[in-house]
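Trainee: What follows is coords-v2.cif, mmCIF, C-alpha atoms and all ligand atoms.
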```cif
data_data
#
loop_
_atom_site.label_atom_id
_atom_site.label_comp_id
_atom_site.auth_asym_id
_atom_site.auth_seq_id
_atom_site.Cartn_x
_atom_site.Cartn_y
_atom_site.Cartn_z
CA MET A 6 20.22 -96.18 -61.37
CA THR A 7 20.35 -93.65 -58.51
CA VAL A 8 17.08 -92.11 -57.35
CA LEU A 9 17.23 -89.07 -55.09
CA VAL A 10 14.13 -88.88 -52.89
CA THR A 11 13.50 -85.68 -50.94
CA GLY A 12 11.18 -85.72 -47.91
CA GLY A 13 11.83 -89.45 -47.47
CA ALA A 14 11.47 -89.27 -43.68
CA GLY A 15 7.84 -88.13 -44.01
CA PHE A 16 4.67 -90.06 -44.70
CA ILE A 17 4.54 -90.68 -48.46
CA GLY A 18 8.28 -90.26 -49.05
CA SER A 19 9.14 -93.04 -46.58
CA ASN A 20 6.55 -95.36 -48.10
CA PHE A 21 8.13 -94.62 -51.49
CA VAL A 22 11.64 -95.35 -50.16
CA TYR A 23 10.52 -98.79 -48.91
CA TYR A 24 8.57 -99.46 -52.09
CA MET A 25 11.61 -98.68 -54.28
CA LEU A 26 14.14 -100.59 -52.13
CA ASP A 27 11.88 -103.61 -52.31
CA LYS A 28 11.01 -103.41 -56.01
CA TYR A 29 14.43 -102.39 -57.37
CA PRO A 30 17.12 -104.04 -55.19
CA THR A 31 19.86 -102.80 -57.56
CA TYR A 32 18.87 -99.12 -57.37
CA ARG A 33 20.65 -96.75 -55.04
CA ILE A 34 18.14 -94.66 -53.07
CA VAL A 35 19.49 -91.33 -51.79
CA CYS A 36 17.20 -89.68 -49.26
CA VAL A 37 17.41 -85.95 -48.48
CA ASP A 38 15.34 -84.65 -45.58
CA CYS A 39 15.97 -81.86 -43.07
CA LEU A 40 13.77 -83.57 -40.44
CA THR A 41 11.17 -80.93 -39.67
CA TYR A 42 8.51 -81.82 -37.08
CA ALA A 43 7.04 -84.12 -39.77
CA GLY A 44 10.24 -86.04 -40.52
CA ASN A 45 11.14 -89.00 -38.37
CA MET A 46 14.31 -91.11 -38.41
CA SER A 47 12.58 -93.97 -36.61
CA THR A 48 10.47 -94.33 -39.77
CA LEU A 49 13.66 -95.00 -41.77
CA LYS A 50 15.21 -97.42 -39.24
CA GLU A 51 14.99 -100.47 -41.53
CA ALA A 52 16.06 -98.54 -44.62
CA MET A 53 19.22 -97.37 -42.80
CA GLU A 54 20.31 -101.00 -42.58
CA ASN A 55 20.09 -101.42 -46.36
CA PRO A 56 23.45 -100.83 -48.14
CA GLN A 57 21.57 -99.43 -51.18
CA PHE A 58 20.17 -96.59 -49.04
CA VAL A 59 21.88 -93.40 -47.92
CA PHE A 60 20.45 -90.52 -45.88
CA TYR A 61 21.44 -86.82 -45.88
CA LYS A 62 20.01 -84.46 -43.28
CA THR A 63 19.83 -81.41 -45.54
CA ASN A 64 17.29 -78.68 -46.26
CA ILE A 65 16.22 -78.51 -49.91
CA CYS A 66 16.54 -74.70 -49.67
CA ASP A 67 20.26 -75.07 -48.82
CA ARG A 68 21.75 -74.59 -52.30
CA LYS A 69 25.34 -75.41 -51.32
CA GLY A 70 24.32 -78.54 -49.42
CA ILE A 71 22.08 -79.75 -52.25
CA TYR A 72 24.74 -79.14 -54.93
CA GLU A 73 27.28 -81.10 -52.86
CA ILE A 74 24.88 -84.05 -52.68
CA PHE A 75 24.36 -83.94 -56.47
CA GLU A 76 28.13 -83.74 -56.99
CA THR A 77 28.70 -86.80 -54.79
CA GLU A 78 25.71 -88.95 -55.66
CA LYS A 79 25.08 -88.03 -59.32
CA PRO A 80 21.37 -88.94 -59.23
CA ASP A 81 19.67 -90.04 -62.44
CA VAL A 82 16.15 -89.32 -61.19
CA VAL A 83 14.92 -86.86 -58.54
CA VAL A 84 11.52 -87.30 -56.86
CA ASN A 85 10.57 -84.29 -54.74
CA PHE A 86 8.26 -85.10 -51.84
CA ALA A 87 9.83 -82.57 -49.44
CA ALA A 88 7.23 -80.02 -48.46
CA GLU A 89 5.32 -78.39 -45.69
CA SER A 90 2.15 -80.41 -46.18
CA HIS A 91 -0.48 -79.47 -43.59
CA VAL A 92 -3.19 -77.02 -44.65
CA ASP A 93 -4.03 -75.95 -41.06
CA ARG A 94 -0.39 -75.03 -40.37
CA SER A 95 -0.26 -73.03 -43.61
CA ILE A 96 -3.19 -70.95 -42.38
CA GLU A 97 -1.27 -70.18 -39.16
CA ASN A 98 2.10 -69.49 -40.78
CA PRO A 99 2.29 -69.34 -44.60
CA GLU A 100 5.94 -68.22 -44.91
CA ILE A 101 7.71 -71.53 -44.40
CA PHE A 102 5.34 -73.03 -47.00
CA LEU A 103 6.50 -70.53 -49.61
CA GLN A 104 10.15 -71.10 -48.71
CA THR A 105 10.20 -74.89 -48.79
CA ASN A 106 7.52 -75.61 -51.34
CA ILE A 107 8.49 -72.98 -53.92
CA LEU A 108 12.11 -71.94 -53.32
CA GLY A 109 13.19 -75.45 -52.30
CA THR A 110 11.75 -76.76 -55.58
CA GLN A 111 13.72 -74.11 -57.45
CA VAL A 112 17.00 -75.11 -55.76
CA LEU A 113 16.44 -78.77 -56.64
CA MET A 114 15.69 -77.97 -60.28
CA ASP A 115 18.74 -75.68 -60.53
CA ALA A 116 20.86 -78.56 -59.24
CA CYS A 117 19.25 -80.83 -61.84
CA ARG A 118 20.18 -78.35 -64.58
CA GLN A 119 23.72 -77.99 -63.29
CA TYR A 120 24.50 -81.68 -62.86
CA GLY A 121 22.14 -83.28 -65.41
CA ILE A 122 19.40 -85.79 -64.67
CA THR A 123 17.07 -87.91 -66.78
CA ARG A 124 13.94 -86.97 -64.85
CA TYR A 125 12.83 -84.48 -62.21
CA HIS A 126 9.48 -85.53 -60.74
CA GLN A 127 7.39 -83.12 -58.68
CA VAL A 128 4.95 -84.68 -56.22
CA SER A 129 2.01 -82.30 -56.28
CA THR A 130 -1.57 -82.41 -55.07
CA ASP A 131 -5.17 -82.29 -56.25
CA GLU A 132 -5.57 -79.24 -53.99
CA VAL A 133 -4.10 -77.07 -56.77
CA TYR A 134 -7.49 -77.37 -58.54
CA GLY A 135 -9.41 -75.84 -55.62
CA ASP A 136 -12.66 -77.58 -54.75
CA LEU A 137 -15.88 -78.88 -56.30
CA PRO A 138 -19.47 -78.31 -55.13
CA LEU A 139 -21.25 -81.12 -53.27
CA ASP A 140 -24.30 -80.89 -55.54
CA ARG A 141 -22.35 -81.64 -58.76
CA PRO A 142 -21.18 -85.27 -58.37
CA ASP A 143 -20.67 -85.34 -62.15
CA LEU A 144 -17.65 -82.97 -61.88
CA PHE A 145 -14.07 -84.23 -61.48
CA PHE A 146 -10.59 -82.68 -61.66
CA THR A 147 -8.84 -83.48 -64.94
CA GLU A 148 -5.33 -82.34 -65.90
CA GLU A 149 -7.00 -79.50 -67.85
CA THR A 150 -8.95 -78.15 -64.85
CA PRO A 151 -7.66 -74.62 -64.18
CA ILE A 152 -5.57 -74.00 -61.09
CA HIS A 153 -7.75 -72.30 -58.47
CA THR A 154 -6.21 -72.56 -55.02
CA SER A 155 -7.76 -71.93 -51.60
CA SER A 156 -5.06 -72.14 -48.91
CA PRO A 157 -1.49 -70.88 -48.58
CA TYR A 158 -0.46 -74.55 -48.78
CA SER A 159 -2.23 -75.23 -52.08
CA SER A 160 -1.06 -71.88 -53.48
CA SER A 161 2.54 -72.78 -52.70
CA LYS A 162 2.15 -76.19 -54.36
CA ALA A 163 0.51 -74.63 -57.43
CA SER A 164 3.33 -72.06 -57.65
CA ALA A 165 5.88 -74.85 -57.57
CA ASP A 166 4.01 -76.69 -60.35
CA LEU A 167 4.11 -73.58 -62.54
CA LEU A 168 7.83 -73.23 -61.89
CA VAL A 169 8.41 -76.88 -62.80
CA LEU A 170 6.56 -76.42 -66.11
CA ALA A 171 8.50 -73.20 -66.75
CA TYR A 172 11.84 -75.01 -66.22
CA HIS A 173 10.72 -77.57 -68.79
CA ARG A 174 9.72 -75.01 -71.40
CA THR A 175 12.53 -72.53 -70.79
CA TYR A 176 15.49 -74.80 -70.05
CA GLY A 177 14.25 -78.12 -71.45
CA LEU A 178 14.47 -79.80 -68.03
CA PRO A 179 12.90 -83.28 -68.30
CA VAL A 180 10.15 -82.93 -65.71
CA SER A 181 6.90 -84.64 -64.78
CA ILE A 182 4.23 -83.80 -62.20
CA SER A 183 1.73 -85.99 -60.34
CA ARG A 184 -1.33 -84.51 -58.63
CA CYS A 185 -2.70 -86.99 -56.15
CA SER A 186 -5.73 -87.06 -53.88
CA ASN A 187 -5.63 -87.70 -50.09
CA ASN A 188 -3.35 -90.57 -49.09
CA TYR A 189 -3.70 -92.78 -46.01
CA GLY A 190 -1.66 -95.68 -44.61
CA PRO A 191 1.37 -96.41 -42.39
CA TYR A 192 3.60 -93.57 -41.08
CA HIS A 193 0.88 -90.92 -41.62
CA PHE A 194 1.66 -88.05 -39.23
CA PRO A 195 -1.03 -87.82 -36.51
CA GLU A 196 -1.97 -84.19 -37.29
CA LYS A 197 -3.92 -85.42 -40.35
CA LEU A 198 -7.55 -86.62 -40.25
CA ILE A 199 -7.29 -90.43 -40.26
CA PRO A 200 -4.30 -90.94 -37.92
CA LEU A 201 -5.50 -88.14 -35.62
CA MET A 202 -8.89 -89.82 -35.23
CA ILE A 203 -7.30 -93.25 -34.67
CA ALA A 204 -4.90 -91.91 -32.02
CA ASN A 205 -7.57 -89.84 -30.25
CA ALA A 206 -10.12 -92.68 -30.31
CA LEU A 207 -7.56 -95.11 -28.84
CA ASN A 208 -6.91 -92.57 -26.06
CA ASP A 209 -10.68 -91.96 -25.54
CA LYS A 210 -10.17 -88.30 -26.45
CA PRO A 211 -12.70 -86.10 -28.32
CA LEU A 212 -12.72 -86.51 -32.11
CA PRO A 213 -12.69 -82.94 -33.53
CA VAL A 214 -14.70 -82.78 -36.76
CA TYR A 215 -14.48 -79.45 -38.60
CA GLY A 216 -17.79 -77.76 -39.48
CA LYS A 217 -20.52 -80.31 -40.19
CA GLY A 218 -18.13 -83.03 -41.35
CA GLU A 219 -19.72 -82.98 -44.80
CA ASN A 220 -16.53 -82.17 -46.71
CA VAL A 221 -15.54 -84.90 -49.13
CA ARG A 222 -12.05 -86.25 -49.81
CA ASP A 223 -10.99 -88.88 -52.38
CA TRP A 224 -8.86 -91.38 -50.38
CA LEU A 225 -6.05 -93.47 -51.88
CA TYR A 226 -3.90 -96.07 -50.10
CA VAL A 227 -0.35 -94.72 -50.02
CA GLU A 228 1.20 -97.71 -51.79
CA ASP A 229 -1.01 -97.05 -54.82
CA HIS A 230 0.39 -93.50 -54.98
CA CYS A 231 3.95 -94.93 -54.84
CA LYS A 232 3.11 -97.27 -57.72
CA ALA A 233 1.80 -94.36 -59.77
CA ILE A 234 5.02 -92.37 -59.25
CA ASP A 235 7.11 -95.43 -60.11
CA LEU A 236 5.22 -95.75 -63.41
CA ILE A 237 5.51 -92.03 -64.21
CA ILE A 238 9.27 -91.81 -63.63
CA HIS A 239 9.90 -94.92 -65.73
CA LYS A 240 7.25 -94.67 -68.45
CA GLY A 241 5.52 -91.30 -68.15
CA LYS A 242 6.06 -88.60 -70.77
CA VAL A 243 8.35 -85.67 -70.08
CA GLY A 244 6.56 -82.35 -69.56
CA GLU A 245 3.29 -84.05 -68.58
CA ILE A 246 0.98 -83.83 -65.58
CA TYR A 247 -0.75 -86.98 -64.30
CA ASN A 248 -3.72 -86.93 -61.91
CA VAL A 249 -3.74 -89.81 -59.40
CA GLY A 250 -6.85 -90.87 -57.47
CA GLY A 251 -8.95 -93.93 -56.85
CA HIS A 252 -12.58 -92.78 -57.23
CA ASN A 253 -13.06 -93.25 -53.50
CA GLU A 254 -14.92 -90.20 -52.23
CA MET A 255 -15.98 -90.14 -48.60
CA ARG A 256 -17.40 -87.54 -46.21
CA ASN A 257 -15.18 -86.80 -43.21
CA ILE A 258 -17.95 -87.66 -40.76
CA ASP A 259 -18.39 -91.09 -42.32
CA ILE A 260 -14.66 -91.80 -41.99
CA VAL A 261 -14.71 -90.77 -38.32
CA LYS A 262 -17.76 -92.92 -37.58
CA LEU A 263 -16.13 -95.87 -39.35
CA ILE A 264 -13.00 -95.49 -37.21
CA CYS A 265 -15.17 -95.44 -34.04
CA GLN A 266 -16.91 -98.60 -35.19
CA LYS A 267 -13.66 -100.42 -36.09
CA LEU A 268 -12.08 -99.54 -32.75
CA GLY A 269 -15.22 -100.27 -30.70
CA LYS A 270 -15.40 -96.64 -29.50
CA PRO A 271 -18.63 -94.64 -28.96
CA GLU A 272 -19.68 -91.98 -31.49
CA SER A 273 -20.26 -89.72 -28.48
CA LEU A 274 -16.51 -88.97 -28.72
CA ILE A 275 -17.25 -86.97 -31.91
CA THR A 276 -17.11 -83.22 -31.25
CA TYR A 277 -18.01 -80.69 -33.92
CA VAL A 278 -15.56 -77.78 -33.84
CA ALA A 279 -15.14 -74.49 -35.73
CA ASP A 280 -14.53 -75.00 -39.43
CA ARG A 281 -11.16 -74.61 -41.17
CA LYS A 282 -10.85 -71.16 -42.80
CA GLY A 283 -11.44 -71.39 -46.57
CA HIS A 284 -12.24 -75.10 -46.17
CA ASP A 285 -12.37 -76.91 -49.54
CA MET A 286 -15.68 -78.76 -49.92
CA ARG A 287 -14.98 -81.67 -52.24
CA TYR A 288 -11.98 -83.15 -54.05
CA ALA A 289 -12.49 -85.73 -56.80
CA ILE A 290 -9.84 -86.86 -59.25
CA ASP A 291 -10.42 -88.16 -62.75
CA PRO A 292 -7.47 -90.61 -63.21
CA THR A 293 -8.34 -91.54 -66.83
CA LYS A 294 -5.05 -90.26 -68.27
CA ILE A 295 -2.71 -92.28 -66.04
CA HIS A 296 -4.92 -95.35 -66.50
CA ARG A 297 -5.06 -95.04 -70.29
CA GLU A 298 -1.43 -94.04 -70.90
CA LEU A 299 0.40 -95.98 -68.18
CA GLY A 300 -2.06 -98.70 -67.17
CA TRP A 301 -2.24 -97.50 -63.55
CA LEU A 302 -5.16 -98.61 -61.39
CA PRO A 303 -5.30 -98.66 -57.59
CA ASP A 304 -4.87 -102.14 -56.07
CA THR A 305 -6.16 -101.52 -52.55
CA LYS A 306 -9.86 -100.97 -51.90
CA PHE A 307 -10.71 -98.56 -49.07
CA ALA A 308 -12.34 -101.37 -47.02
CA ASP A 309 -9.01 -103.26 -47.00
CA GLY A 310 -6.76 -100.20 -46.79
CA ILE A 311 -8.47 -98.79 -43.70
CA ASP A 312 -8.24 -102.17 -41.95
CA LYS A 313 -4.52 -102.42 -42.79
CA THR A 314 -4.00 -98.83 -41.61
CA ILE A 315 -5.81 -99.33 -38.29
CA ALA A 316 -3.91 -102.59 -37.74
CA TRP A 317 -0.63 -100.73 -38.39
CA TYR A 318 -1.45 -98.03 -35.81
CA LEU A 319 -2.41 -100.72 -33.27
CA GLU A 320 0.86 -102.59 -33.88
CA ASN A 321 3.05 -99.46 -33.93
CA THR A 322 1.85 -97.51 -30.89
CA ASP A 323 5.50 -96.65 -30.02
CA TRP A 324 5.85 -94.78 -33.34
CA TRP A 325 2.89 -92.43 -32.89
CA GLU A 326 2.91 -92.19 -29.10
CA ALA A 327 6.46 -90.80 -29.28
CA ILE A 328 5.20 -88.16 -31.72
CA ILE A 329 2.08 -87.08 -29.84
CA SER A 330 3.90 -86.84 -26.51
CA GLY A 331 6.42 -84.29 -27.81
CA GLU A 332 6.05 -80.80 -29.30
CA TYR A 333 2.86 -82.06 -30.95
CA GLN A 334 1.09 -81.45 -27.59
CA GLU A 335 1.70 -77.72 -27.94
CA TYR A 336 0.46 -77.75 -31.53
CA TYR A 337 -2.64 -79.70 -30.54
CA GLU A 338 -3.53 -77.36 -27.69
CA LYS A 339 -3.05 -74.30 -29.88
CA MET A 340 -5.21 -75.66 -32.70
CA TYR A 341 -7.96 -77.43 -30.80
CA THR A 342 -8.42 -75.97 -27.30
CA ASN A 343 -11.67 -73.94 -27.11
CA ARG A 344 -12.09 -74.29 -30.86
P1 LIG A 401 4.89 -85.00 -44.65
O1 LIG A 401 4.60 -83.69 -44.03
O2 LIG A 401 4.47 -86.26 -43.93
O3 LIG A 401 6.45 -85.14 -44.94
C1 LIG A 401 7.21 -84.11 -45.48
C2 LIG A 401 8.68 -84.47 -45.32
O4 LIG A 401 9.45 -83.43 -45.95
C3 LIG A 401 9.15 -84.56 -43.88
O5 LIG A 401 9.98 -85.68 -43.71
C4 LIG A 401 9.94 -83.28 -43.67
O6 LIG A 401 10.98 -83.40 -42.72
C5 LIG A 401 10.49 -83.04 -45.07
N1 LIG A 401 10.79 -81.63 -45.32
C6 LIG A 401 9.98 -80.57 -45.09
N2 LIG A 401 10.60 -79.42 -45.42
C7 LIG A 401 11.84 -79.77 -45.90
C8 LIG A 401 12.93 -79.04 -46.40
N3 LIG A 401 12.90 -77.71 -46.49
N4 LIG A 401 14.02 -79.73 -46.79
C9 LIG A 401 14.08 -81.07 -46.69
N5 LIG A 401 13.07 -81.81 -46.21
C10 LIG A 401 11.95 -81.18 -45.82
O7 LIG A 401 4.23 -84.93 -46.09
P2 LIG A 401 3.48 -86.06 -46.95
O8 LIG A 401 2.06 -86.12 -46.54
O9 LIG A 401 4.31 -87.28 -46.96
O10 LIG A 401 3.52 -85.37 -48.39
C11 LIG A 401 4.65 -85.54 -49.26
C12 LIG A 401 4.42 -84.79 -50.55
O11 LIG A 401 3.24 -85.27 -51.18
C13 LIG A 401 4.19 -83.28 -50.34
O12 LIG A 401 4.84 -82.61 -51.39
C14 LIG A 401 2.68 -83.11 -50.45
O13 LIG A 401 2.37 -81.84 -50.95
C15 LIG A 401 2.33 -84.20 -51.44
N6 LIG A 401 1.00 -84.79 -51.31
C16 LIG A 401 0.54 -85.27 -50.13
C17 LIG A 401 -0.70 -85.89 -50.06
C18 LIG A 401 -1.23 -86.47 -48.77
O14 LIG A 401 -2.38 -86.91 -48.72
N7 LIG A 401 -0.47 -86.51 -47.69
C19 LIG A 401 -1.49 -86.02 -51.22
C20 LIG A 401 -0.99 -85.49 -52.43
C21 LIG A 401 0.25 -84.90 -52.47
O1 LIG A 402 -5.76 -83.78 -51.28
C1 LIG A 402 -4.40 -83.93 -51.04
C2 LIG A 402 -4.04 -83.25 -49.74
O2 LIG A 402 -4.58 -84.04 -48.69
C3 LIG A 402 -2.54 -83.08 -49.58
O3 LIG A 402 -2.06 -82.21 -50.57
C4 LIG A 402 -2.21 -82.52 -48.18
O4 LIG A 402 -0.80 -82.48 -48.01
C5 LIG A 402 -2.81 -83.44 -47.15
O5 LIG A 402 -2.57 -82.93 -45.84
C6 LIG A 402 -4.31 -83.59 -47.39
O6 LIG A 402 -4.99 -82.33 -47.15
P1 LIG A 402 -6.41 -82.25 -46.38
O7 LIG A 402 -6.55 -80.89 -45.84
O8 LIG A 402 -7.49 -82.80 -47.23
O9 LIG A 402 -6.11 -83.34 -45.21
P2 LIG A 402 -6.40 -83.32 -43.63
O10 LIG A 402 -6.08 -84.70 -43.13
O11 LIG A 402 -5.77 -82.17 -42.95
O12 LIG A 402 -7.99 -83.11 -43.56
C7 LIG A 402 -8.87 -83.98 -44.23
C8 LIG A 402 -10.29 -83.47 -44.00
O13 LIG A 402 -10.61 -83.64 -42.60
C9 LIG A 402 -10.45 -81.99 -44.27
O14 LIG A 402 -11.74 -81.77 -44.83
C10 LIG A 402 -10.37 -81.34 -42.89
C11 LIG A 402 -10.94 -82.41 -41.98
N1 LIG A 402 -10.40 -82.46 -40.60
C12 LIG A 402 -9.05 -82.52 -40.45
C13 LIG A 402 -8.49 -82.58 -39.19
C14 LIG A 402 -6.99 -82.62 -39.02
C15 LIG A 402 -11.25 -82.49 -39.50
O15 LIG A 402 -12.48 -82.47 -39.63
N2 LIG A 402 -10.69 -82.55 -38.25
C16 LIG A 402 -9.34 -82.58 -38.04
O16 LIG A 402 -8.90 -82.59 -36.86
#
```
Kindly present the structure from the file in structure tokens form.
Mentor:
Amino acid sequence: MTVLVTGGAGFIGSNFVYYMLDKYPTYRIVCVDCLTYAGNMSTLKEAMENPQFVFYKTNICDRKGIYEIFETEKPDVVVNFAAESHVDRSIENPEIFLQTNILGTQVLMDACRQYGITRYHQVSTDEVYGDLPLDRPDLFFTEETPIHTSSPYSSSKASADLLVLAYHRTYGLPVSISRCSNNYGPYHFPEKLIPLMIANALNDKPLPVYGKGENVRDWLYVEDHCKAIDLIIHKGKVGEIYNVGGHNEMRNIDIVKLICQKLGKPESLITYVADRKGHDMRYAIDPTKIHRELGWLPDTKFADGIDKTIAWYLENTDWWEAIISGEYQEYYEKMYTNR
């Protein structure tokens, strides 16, 4: 079995690469990533030593390059993680989000049609459902919740989802889609909430909380997301959408305070800054379908996952210090100075 993984040098894609190499030693894992600011070859260092792993530095929008990889590698299954993934960046510059997240998805599916695959899996997000109000804790996103996006990022992901479903209905492409809540864990790029707060706290820098910090996210340890995708590509039904989330809702401010406490840093580092434009209030996934149909349940509780994550950032300072000392500095100044 050959599994082509796009975006495998990023956060979730790299965790999936390691998960698959470990669980299926006979599978060939073909990684395609163009190494944007979010892709990192040092993340794939160990994978590169595995003879079952091969890496192509290619953009998913590059039709010729992608077709050549399909011609050579003949993948059975394609899992598309490659995306521009940061909401704040999509507010600054939507265009690249539309290119990669929509047109890149189209190129991959055209290649799948041309060369034949058994499954194309699209890694999507709960953000396609928009947000829920804080005063209705009884409401959750199900697979039937209408798409109702807020940011250019979530709009691009929702557009891609529609295209994936259209390729299934129109061309009979064997597709599946997962819509997951917020992930956390090793190799999470430090522009995102949890790793940003860990890195800043360790450097005694201000911890920039948007608005009042009351927004709620539903956090899932990244390995549990990988397990869900593994189940869907092997046992999930073609043409179906599966929501993935662990019923672990937390307010941003509580996460930031917890990180301060775990690292022995004062809460006085917390700085309230201007809110994100169009900021979604609450995400909450109902994972009943994937539990009932595929038996998926998360294994890692937040209390354990956050300890493992903090321990990983303490043990791997080289990994994130190299990132935050580079072009990230410019990004950080632009987004946070005088905010
Ligand atoms: P990430 O930003 O950490 O990684 C994205 C990877 O894709 C990088 O390695 C980057 O180099 C690569 N990439 C970007 N554009 C590319 C292109 N045009 N061609 C080839 N490679 C390209 O993202 P992530 O957080 O790991 O998210 C992965 C996927 O999961 C995304 O599709 C995202 O929408 C989805 N998702 C993320 C979360 C989350 O909490 N992070 C939750 C649900 C769904
Ligand atoms: O829900 C799934 C989504 O989760 C994925 O589709 C996205 O790719 C992923 O980036 C993530 O989106 P969020 O916008 O929820 O994640 P982020 O880490 O950017 O922000 C989490 C919350 O923390 C959000 O309410 C904004 C807030 N925040 C974020 C940053 C970076 C802050 O208060 N301060 C910050 O500096």
Trainee: Please return the centre and edge lengths, in Å to one decimal, of a box with edges along x, y and z that contains all listed atoms of ligand LIG 402 (chain A), widened by 4 Å on every side, as AutoDock Vina command-line options.
Mentor:
```
--center_x -6.6 --center_y -82.8 --center_z -44.1 --size_x 19.7 --size_y 11.8 --size_z 22.4
```
Trainee: Rank A:Cys185, A:Ala171, A:Met25, A:Val221 by their smallest atom-to-atom distance to ligand LIG 401 (chain A), using only C-alpha atoms and all ligand atoms, and report the top residue only.
Mentor: A:Cys185
Trainee: Can you pull out every residue within 12 Å of Trp317 (chain A), counting all atoms listed in the file, but drop anything in the same chain fewer than 4 positions away, and send it as number ranges by chain?
Mentor: A: 189-193, 200, 203-204, 310-313, 321-325
Trainee: Just give me the gap between CA of Gln127 (chain A) and CA of Ile237 (chain A) in Å, one decimal is fine.
Mentor: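 Distance reported for this atom pair: 10.7 Å.
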Trainee: Can you work out which residues are within 8 Å of ligand LIG 401 (chain A), considering only C-alpha atoms and all ligand atoms, and then hand them over as a PDB file with C-alpha atoms, keeping the file's coordinate frame?
Mentor:
```pdb
ATOM      1  CA  THR A  11      13.500 -85.680 -50.940  1.00  0.00           C
ATOM      2  CA  GLY A  12      11.180 -85.720 -47.910  1.00  0.00           C
ATOM      3  CA  GLY A  13      11.830 -89.450 -47.470  1.00  0.00           C
ATOM      4  CA  ALA A  14      11.470 -89.270 -43.680  1.00  0.00           C
ATOM      5  CA  GLY A  15       7.840 -88.130 -44.010  1.00  0.00           C
ATOM      6  CA  PHE A  16       4.670 -90.060 -44.700  1.00  0.00           C
ATOM      7  CA  ILE A  17       4.540 -90.680 -48.460  1.00  0.00           C
ATOM      8  CA  GLY A  18       8.280 -90.260 -49.050  1.00  0.00           C
ATOM      9  CA  SER A  19       9.140 -93.040 -46.580  1.00  0.00           C
ATOM     10  CA  VAL A  37      17.410 -85.950 -48.480  1.00  0.00           C
ATOM     11  CA  ASP A  38      15.340 -84.650 -45.580  1.00  0.00           C
ATOM     12  CA  CYS A  39      15.970 -81.860 -43.070  1.00  0.00           C
ATOM     13  CA  LEU A  40      13.770 -83.570 -40.440  1.00  0.00           C
ATOM     14  CA  THR A  41      11.170 -80.930 -39.670  1.00  0.00           C
ATOM     15  CA  TYR A  42       8.510 -81.820 -37.080  1.00  0.00           C
ATOM     16  CA  ALA A  43       7.040 -84.120 -39.770  1.00  0.00           C
ATOM     17  CA  GLY A  44      10.240 -86.040 -40.520  1.00  0.00           C
ATOM     18  CA  ASN A  45      11.140 -89.000 -38.370  1.00  0.00           C
ATOM     19  CA  LYS A  62      20.010 -84.460 -43.280  1.00  0.00           C
ATOM     20  CA  THR A  63      19.830 -81.410 -45.540  1.00  0.00           C
ATOM     21  CA  ASN A  64      17.290 -78.680 -46.260  1.00  0.00           C
ATOM     22  CA  ILE A  65      16.220 -78.510 -49.910  1.00  0.00           C
ATOM     23  CA  CYS A  66      16.540 -74.700 -49.670  1.00  0.00           C
ATOM     24  CA  ASN A  85      10.570 -84.290 -54.740  1.00  0.00           C
ATOM     25  CA  PHE A  86       8.260 -85.100 -51.840  1.00  0.00           C
ATOM     26  CA  ALA A  87       9.830 -82.570 -49.440  1.00  0.00           C
ATOM     27  CA  ALA A  88       7.230 -80.020 -48.460  1.00  0.00           C
ATOM     28  CA  GLU A  89       5.320 -78.390 -45.690  1.00  0.00           C
ATOM     29  CA  SER A  90       2.150 -80.410 -46.180  1.00  0.00           C
ATOM     30  CA  HIS A  91      -0.480 -79.470 -43.590  1.00  0.00           C
ATOM     31  CA  GLN A 104      10.150 -71.100 -48.710  1.00  0.00           C
ATOM     32  CA  THR A 105      10.200 -74.890 -48.790  1.00  0.00           C
ATOM     33  CA  ASN A 106       7.520 -75.610 -51.340  1.00  0.00           C
ATOM     34  CA  GLY A 109      13.190 -75.450 -52.300  1.00  0.00           C
ATOM     35  CA  GLN A 127       7.390 -83.120 -58.680  1.00  0.00           C
ATOM     36  CA  VAL A 128       4.950 -84.680 -56.220  1.00  0.00           C
ATOM     37  CA  SER A 129       2.010 -82.300 -56.280  1.00  0.00           C
ATOM     38  CA  THR A 130      -1.570 -82.410 -55.070  1.00  0.00           C
ATOM     39  CA  ASP A 131      -5.170 -82.290 -56.250  1.00  0.00           C
ATOM     40  CA  GLU A 132      -5.570 -79.240 -53.990  1.00  0.00           C
ATOM     41  CA  LYS A 162       2.150 -76.190 -54.360  1.00  0.00           C
ATOM     42  CA  ARG A 184      -1.330 -84.510 -58.630  1.00  0.00           C
ATOM     43  CA  CYS A 185      -2.700 -86.990 -56.150  1.00  0.00           C
ATOM     44  CA  SER A 186      -5.730 -87.060 -53.880  1.00  0.00           C
ATOM     45  CA  ASN A 187      -5.630 -87.700 -50.090  1.00  0.00           C
ATOM     46  CA  ASN A 188      -3.350 -90.570 -49.090  1.00  0.00           C
ATOM     47  CA  TYR A 189      -3.700 -92.780 -46.010  1.00  0.00           C
ATOM     48  CA  TYR A 192       3.600 -93.570 -41.080  1.00  0.00           C
ATOM     49  CA  HIS A 193       0.880 -90.920 -41.620  1.00  0.00           C
ATOM     50  CA  PHE A 194       1.660 -88.050 -39.230  1.00  0.00           C
TER      51      PHE A 194
END
```
Trainee: Using all atoms listed in the file, which protein or nucleic acid residues come within 12 Å of Lys306 (chain A)? Drop anything in the same chain fewer than 2 positions from it, and give the result as a ChimeraX atom specification.
Mentor: /A:189,224-229,250-254,302-304,308-313
Trainee: Rounded to one decimal place, report the CA of Leu139 (chain A)-CA of Ile290 (chain A) distance in Å.
Mentor: 14.1 Å
Trainee: Here is a test: counting all atoms listed in the file, which residue of A:Val35, A:Ser47, A:Val112, A:Ile152 is nearest to Thr77 (chain A)?
Mentor: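 Of A:Val35, A:Ser47, A:Val112, A:Ile152, the one nearest Thr77 (chain A) is A:Val35, counting all atoms listed in the file.
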